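Reviewing the structure listed below.
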Amino acid sequence: MSRLIGAIIENNCDKDGIIWPISISPFQVSIIPINIEKYRNVKKIAEKIYFQFKKNNIQVFFYDKIERPGKMFAETDLLGFPYKIIISKNTILKNCVELQNRKKKTKKEIKIKNILQIFIKKLKN
């Protein structure tokens, strides 16, 4: 078993740490609400998405510590979550959240109302 974990880590990492394959990741996605303590809408949208994902049996990590964004990103990268949903004042103004794929290093703004369906499609692929 220890060799298997070592092989997985060796083949699924970058300079920031492990990137768990989604099929064995302890959490499939992390929700990162930026400045949650300042903006009530950020907290409201983050919690709404969190509960939608939980209701649909998606393993989701809610980053609720009050930290600067760089530290939040670094910590979730170190933990190896394959996807991030970033919620900020700026994305909410566009009625969107940002979905990041850690392995592919892609970022895409997704309408808040569509994030669950789009993420479920990603899980199936």
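Letters A, B, ... go to the chains of the structure tokens in the order shown; residues in each chain start at 1; ligands are counted from 1 in the same order.
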Practice problem: Please identify all polymer residues within 10 Å of Ile86 in chain A, counting only C-alpha atoms, omitting same-chain residues fewer than 6 positions from it, and present them as an NGL selection string. | Solution: :A and (30-34 or 42 or 46 or 69 or 73 or 96-100 or 107 or 109)
Self-check item: Closest of A:Lys44, A:Ile5, A:Ile36, A:Phe53 to Ile24 in chain A - atom-to-atom distances counting only C-alpha atoms
Solution: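 The closest residue to Ile24 in chain A is A:Ile5.
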Quiz prompt | Minimum-distance residue to Glu37 in chain A, chosen among A:Asp14, A:Gln59, A:Glu67, A:Gln52 (using only C-alpha atoms) | solution =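 Residue with the minimum atom-to-atom distance to Glu37 in chain A: A:Glu67.
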Quiz prompt | Counting only C-alpha atoms, the residue of A:Ile45, A:Ile19, A:Val29, A:Leu79 that sits nearest Asn57 in chain A | solution =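 Checking each candidate against Asn57 in chain A, we get A:Val29 as the closest.
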Practice problem: Run DSSP on the backbone and give me the residues of range 22-123 of chain A it puts in helix (DSSP H, G or I), as a PyMOL selection string. | Solution: chain A and resi 40-55+69-79+89-93+112-123
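Atom pair CA of Lys43 in chain A / CA of Ile120 in chain A: separated by 22.3 Å.
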Quiz item: Residues at most 12 Å from Glu75 in chain A, counting only C-alpha atoms, excluding those fewer than 5 positions away in the same chain, as a PyMOL selection string?
Solution: chain A and resi 16-18+30+32+61+63+65+67-70+80-81+84
Take the residues that were just selected and, keeping all heavy atoms, output them as a compact mmCIF listing (two decimals), in the first residue's frame.
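Written out: result_9.txt:
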# COMPACT_ATOMS: atom_id res chain seq x y z
N ASP A 16 4.00 22.83 -6.16
CA ASP A 16 3.22 23.23 -4.99
C ASP A 16 2.74 22.06 -4.15
O ASP A 16 2.15 22.26 -3.10
CB ASP A 16 2.01 24.07 -5.44
CG ASP A 16 2.45 25.34 -6.13
OD1 ASP A 16 3.39 25.99 -5.66
OD2 ASP A 16 1.84 25.69 -7.17
N GLY A 17 2.97 20.83 -4.61
CA GLY A 17 2.57 19.66 -3.83
C GLY A 17 1.81 18.65 -4.66
O GLY A 17 1.77 18.73 -5.89
N ILE A 18 1.19 17.72 -3.97
CA ILE A 18 0.44 16.65 -4.63
C ILE A 18 -0.83 17.22 -5.28
O ILE A 18 -1.38 18.22 -4.81
CB ILE A 18 0.08 15.53 -3.63
CG1 ILE A 18 -0.55 14.36 -4.36
CG2 ILE A 18 -0.81 16.02 -2.52
CD1 ILE A 18 -0.71 13.12 -3.53
N SER A 30 -12.30 22.38 -3.50
CA SER A 30 -12.28 23.28 -2.35
C SER A 30 -13.00 24.57 -2.72
O SER A 30 -12.87 25.05 -3.86
CB SER A 30 -10.84 23.59 -1.91
OG SER A 30 -10.11 24.20 -2.95
N ILE A 32 -13.17 28.42 -1.92
CA ILE A 32 -12.32 29.44 -1.31
C ILE A 32 -13.03 30.78 -1.40
O ILE A 32 -13.01 31.43 -2.45
CB ILE A 32 -10.94 29.49 -2.00
CG1 ILE A 32 -10.28 28.12 -1.93
CG2 ILE A 32 -10.08 30.57 -1.36
CD1 ILE A 32 -8.99 28.01 -2.69
N PHE A 61 -14.45 20.75 0.35
CA PHE A 61 -13.74 21.36 1.47
C PHE A 61 -14.05 22.85 1.47
O PHE A 61 -13.82 23.52 0.47
CB PHE A 61 -12.23 21.15 1.30
CG PHE A 61 -11.39 21.79 2.37
CD1 PHE A 61 -11.15 21.14 3.57
CD2 PHE A 61 -10.83 23.04 2.17
CE1 PHE A 61 -10.37 21.72 4.54
CE2 PHE A 61 -10.04 23.64 3.15
CZ PHE A 61 -9.82 22.97 4.33
N TYR A 63 -13.09 26.33 2.84
CA TYR A 63 -11.97 27.04 3.48
C TYR A 63 -12.56 28.26 4.19
O TYR A 63 -12.80 29.29 3.57
CB TYR A 63 -10.93 27.47 2.45
CG TYR A 63 -9.62 27.87 3.07
CD1 TYR A 63 -8.50 27.09 2.92
CD2 TYR A 63 -9.52 29.03 3.82
CE1 TYR A 63 -7.30 27.46 3.50
CE2 TYR A 63 -8.32 29.40 4.41
CZ TYR A 63 -7.22 28.61 4.24
OH TYR A 63 -6.02 28.97 4.82
N LYS A 65 -11.23 29.75 7.08
CA LYS A 65 -10.31 30.54 7.90
C LYS A 65 -10.17 31.93 7.28
O LYS A 65 -10.23 32.10 6.07
CB LYS A 65 -8.93 29.89 7.98
CG LYS A 65 -8.91 28.60 8.76
CD LYS A 65 -7.51 28.17 9.13
CE LYS A 65 -6.67 27.79 7.94
NZ LYS A 65 -5.36 27.25 8.32
N GLU A 67 -7.90 34.36 6.10
CA GLU A 67 -6.52 34.45 5.64
C GLU A 67 -6.48 35.31 4.38
O GLU A 67 -7.49 35.53 3.73
CB GLU A 67 -5.96 33.06 5.30
CG GLU A 67 -5.81 32.13 6.47
CD GLU A 67 -4.66 32.48 7.40
OE1 GLU A 67 -3.88 33.41 7.10
OE2 GLU A 67 -4.57 31.83 8.45
N ARG A 68 -5.28 35.72 4.03
CA ARG A 68 -5.12 36.43 2.75
C ARG A 68 -5.21 35.40 1.63
O ARG A 68 -4.91 34.21 1.82
CB ARG A 68 -3.82 37.22 2.73
CG ARG A 68 -2.61 36.43 3.00
CD ARG A 68 -1.35 37.29 3.12
NE ARG A 68 -0.27 36.44 3.56
CZ ARG A 68 0.37 35.57 2.78
NH1 ARG A 68 0.04 35.45 1.52
NH2 ARG A 68 1.33 34.83 3.27
N PRO A 69 -5.65 35.83 0.45
CA PRO A 69 -5.87 34.88 -0.64
C PRO A 69 -4.66 34.01 -0.98
O PRO A 69 -4.81 32.80 -1.19
CB PRO A 69 -6.26 35.77 -1.83
CG PRO A 69 -6.88 36.97 -1.19
CD PRO A 69 -6.10 37.18 0.09
N GLY A 70 -3.48 34.58 -1.03
CA GLY A 70 -2.29 33.79 -1.38
C GLY A 70 -2.08 32.62 -0.45
O GLY A 70 -1.73 31.51 -0.89
N GLY A 80 -3.69 19.27 -2.01
CA GLY A 80 -3.83 18.48 -3.22
C GLY A 80 -5.20 18.39 -3.85
O GLY A 80 -5.45 17.50 -4.66
N PHE A 81 -6.10 19.29 -3.49
CA PHE A 81 -7.44 19.21 -4.07
C PHE A 81 -7.39 19.45 -5.58
O PHE A 81 -6.76 20.40 -6.04
CB PHE A 81 -8.38 20.22 -3.42
CG PHE A 81 -8.42 20.12 -1.92
CD1 PHE A 81 -8.37 21.25 -1.14
CD2 PHE A 81 -8.50 18.90 -1.29
CE1 PHE A 81 -8.40 21.17 0.24
CE2 PHE A 81 -8.54 18.80 0.10
CZ PHE A 81 -8.48 19.95 0.86
N LYS A 84 -10.66 23.96 -7.52
CA LYS A 84 -10.96 25.05 -6.59
C LYS A 84 -12.12 25.85 -7.17
O LYS A 84 -12.17 26.07 -8.38
CB LYS A 84 -9.79 26.03 -6.48
CG LYS A 84 -8.57 25.53 -5.85
CD LYS A 84 -7.54 26.67 -5.86
CE LYS A 84 -6.17 26.09 -5.68
NZ LYS A 84 -5.13 27.02 -6.04
Quiz item: Could you work out how far CA of Ile87 in chain A lies from CA of Asp64 in chain A, giving the answer in Å with one decimal?
Solution: 11.9 Å
Quiz item: Which residues in range 29-86 of chain A does DSSP call strand (DSSP E or B)? List them as a ChimeraX atom specification.
Solution: /A:29-33,60-62,83-86
Quiz item: Taking into account only C-alpha atoms, which residue in the set A:Val60, A:Ala74, A:Ile66, A:Ile110 is nearest to Asn35 in chain A?
Solution: A:Ile66
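Candidate residues A:Ile8, A:Leu116, A:Leu123, A:Cys13 were compared for distance to Ile85 in chain A, and the nearest is A:Leu116, using only C-alpha atoms.
Considering only C-alpha atoms, the residue among A:Ser2, A:Trp20, A:Glu10, A:Tyr39 positioned nearest to Ser88 in chain A is A:Tyr39.
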Practice problem: Would you mind reading off the distance between CA of Pro82 in chain A and CA of Lys105 in chain A, one decimal, in Å? | Solution: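 CA of Lys105 in chain A lies 10.1 Å from CA of Pro82 in chain A.
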